[in-house]
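> What follows is a structure written as structure tokens; I'll ask about it next.
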Amino acid sequence: MTMHDIIIKPIVSEKSMDQLADRKYTFKVALNANKIEIRKAVEQIFGVKVEKVTTSRVRGKMKRMGVHMGKRPDWKKATVKLTADSKTIEFFEGMA
């Protein structure tokens with residue numbers, strides 16, 4: 001598994017944008033990735049220093065299309081806090 005397989009995409013929401021001031025960045029990550037792998041992937045891809053990683057599993061919502069019921073897949077969310085002396089992730093700069 002490569003570093004880009006672990007970090008799937010950034011999460012851009014109202015809450016995640018508010019956390020940018022606290023140097024916290026939120027990503028959708030692989031379901032089987034652990035905190036150590038997520039830390040290494042973020043540090044290698046973005047060239048930053050990670051202080052703390054928190055993860056949570058998000059259950060997929062039940063959806064209906066007419067009479068048919070279905071379920072969106074479960075996914076994992078990771079919030080990464082950078083150290084005080086680390087540079088920021090430029091990807092998020094234009095969005096805040």
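Ordering of the structure tokens sets the chain letters (A, B, ...); residue numbers start at 1 within each chain; ligands are numbered from 1 in the order shown.
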Can you tell me, as a list in words, what residues are no more than 12 Å from range 59-66 of chain A when counting only C-alpha atoms, ignoring any on the same chain fewer than 4 positions away?
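Those residues are Leu31, Gly70, Lys71, Arg72, Pro73, Asp74, Trp75, Lys76 and Lys77 of chain A.
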> Quick one: everything within 8 Å of range 81-87 of chain A, counting only C-alpha atoms, minus sequence neighbours fewer than 2 positions away in the same chain. Send it as a list in words.
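Listing them by chain and then by number gives Asp22, Arg23, Lys24, Tyr25, Val48, Lys49, Val50, Glu51, Lys52, Val53, Thr79 and Ile89 of chain A.
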> Using the selection just defined, write its residues with N, CA and C atoms as a CSV table (one decimal), in the first residue's frame.

```csv
chain,number,residue,atom,x,y,z
A,22,ASP,N,-6.7,26.0,14.1
A,22,ASP,CA,-6.0,25.2,15.2
A,22,ASP,C,-4.9,24.3,14.6
A,23,ARG,N,-4.6,24.4,13.3
A,23,ARG,CA,-3.6,23.6,12.6
A,23,ARG,C,-4.1,22.1,12.5
A,24,LYS,N,-5.4,21.9,12.4
A,24,LYS,CA,-6.0,20.6,12.2
A,24,LYS,C,-6.5,20.4,10.8
A,25,TYR,N,-6.2,19.3,10.2
A,25,TYR,CA,-6.6,19.0,8.8
A,25,TYR,C,-7.3,17.6,8.8
A,48,VAL,N,5.2,17.9,6.2
A,48,VAL,CA,4.9,18.6,7.5
A,48,VAL,C,5.3,17.7,8.7
A,49,LYS,N,5.2,18.2,9.9
A,49,LYS,CA,5.4,17.4,11.1
A,49,LYS,C,4.0,17.2,11.8
A,50,VAL,N,3.7,16.0,12.1
A,50,VAL,CA,2.4,15.7,12.7
A,50,VAL,C,2.6,15.5,14.2
A,51,GLU,N,1.7,16.2,15.0
A,51,GLU,CA,1.7,16.1,16.4
A,51,GLU,C,0.8,15.0,16.9
A,52,LYS,N,-0.4,14.9,16.4
A,52,LYS,CA,-1.4,14.0,16.8
A,52,LYS,C,-2.3,13.6,15.7
A,53,VAL,N,-2.8,12.3,15.8
A,53,VAL,CA,-3.8,11.8,14.8
A,53,VAL,C,-4.9,11.2,15.5
A,79,THR,N,-8.3,13.1,11.6
A,79,THR,CA,-8.0,14.5,11.8
A,79,THR,C,-6.6,14.5,12.3
A,89,ILE,N,-0.3,23.1,5.4
A,89,ILE,CA,-0.5,22.3,4.1
A,89,ILE,C,-1.1,23.3,3.1
```
> Given only C-alpha atoms as the basis, pick out the residue of A:Val58, A:His68, A:Glu93, A:Ile6 nearest to Glu37 in chain A.
A:Ile6
> So which bits of chain A end up strand (DSSP E or B) when you DSSP the backbone, as a PyMOL selection string?
chain A and resi 7-10+24-29+50-58+62-65+68-71+75-82
> Within 12 Å of Ile45 in chain A, counting only C-alpha atoms, which residues qualify if same-chain residues fewer than 6 places away don't, as a PDB file with N, CA and C atoms, in the first residue's frame?

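Writing done, so here's around.pdb:
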```
ATOM      1  N   THR A   2       0.687   2.131  -0.963  1.00  0.00           N
ATOM      2  CA  THR A   2       1.487   3.350  -1.045  1.00  0.00           C
ATOM      3  C   THR A   2       0.871   4.436  -0.169  1.00  0.00           C
ATOM      4  N   MET A   3       1.608   5.534  -0.014  1.00  0.00           N
ATOM      5  CA  MET A   3       1.129   6.643   0.814  1.00  0.00           C
ATOM      6  C   MET A   3      -0.151   7.257   0.246  1.00  0.00           C
ATOM      7  N   HIS A   4      -0.256   7.279  -1.091  1.00  0.00           N
ATOM      8  CA  HIS A   4      -1.444   7.868  -1.722  1.00  0.00           C
ATOM      9  C   HIS A   4      -2.653   6.939  -1.637  1.00  0.00           C
ATOM     10  N   ASP A   5      -2.433   5.648  -1.337  1.00  0.00           N
ATOM     11  CA  ASP A   5      -3.551   4.736  -1.098  1.00  0.00           C
ATOM     12  C   ASP A   5      -4.122   4.941   0.306  1.00  0.00           C
ATOM     13  N   ILE A   6      -3.309   5.399   1.232  1.00  0.00           N
ATOM     14  CA  ILE A   6      -3.760   5.610   2.611  1.00  0.00           C
ATOM     15  C   ILE A   6      -4.594   6.882   2.706  1.00  0.00           C
ATOM     16  N   ILE A   7      -4.071   7.997   2.178  1.00  0.00           N
ATOM     17  CA  ILE A   7      -4.802   9.273   2.186  1.00  0.00           C
ATOM     18  C   ILE A   7      -5.634   9.324   0.905  1.00  0.00           C
ATOM     19  N   ILE A   8      -6.953   9.181   1.024  1.00  0.00           N
ATOM     20  CA  ILE A   8      -7.810   9.119  -0.163  1.00  0.00           C
ATOM     21  C   ILE A   8      -8.136  10.521  -0.677  1.00  0.00           C
ATOM     22  N   ILE A  38      -1.076   6.617   8.905  1.00  0.00           N
ATOM     23  CA  ILE A  38      -1.644   7.905   8.501  1.00  0.00           C
ATOM     24  C   ILE A  38      -0.647   9.025   8.782  1.00  0.00           C
ATOM     25  N   ARG A  39       0.008   8.997   9.939  1.00  0.00           N
ATOM     26  CA  ARG A  39       1.014  10.010  10.296  1.00  0.00           C
ATOM     27  C   ARG A  39       2.149  10.013   9.277  1.00  0.00           C
ATOM     28  N   ILE A  89      -0.303  23.061   5.362  1.00  0.00           N
ATOM     29  CA  ILE A  89      -0.543  22.342   4.108  1.00  0.00           C
ATOM     30  C   ILE A  89      -1.149  23.332   3.136  1.00  0.00           C
ATOM     31  N   GLU A  90      -0.438  23.605   2.040  1.00  0.00           N
ATOM     32  CA  GLU A  90      -0.848  24.658   1.109  1.00  0.00           C
ATOM     33  C   GLU A  90      -2.178  24.355   0.429  1.00  0.00           C
ATOM     34  N   PHE A  91      -2.502  23.091   0.277  1.00  0.00           N
ATOM     35  CA  PHE A  91      -3.737  22.699  -0.416  1.00  0.00           C
ATOM     36  C   PHE A  91      -4.969  23.377   0.192  1.00  0.00           C
TER      37      PHE A  91
END
```
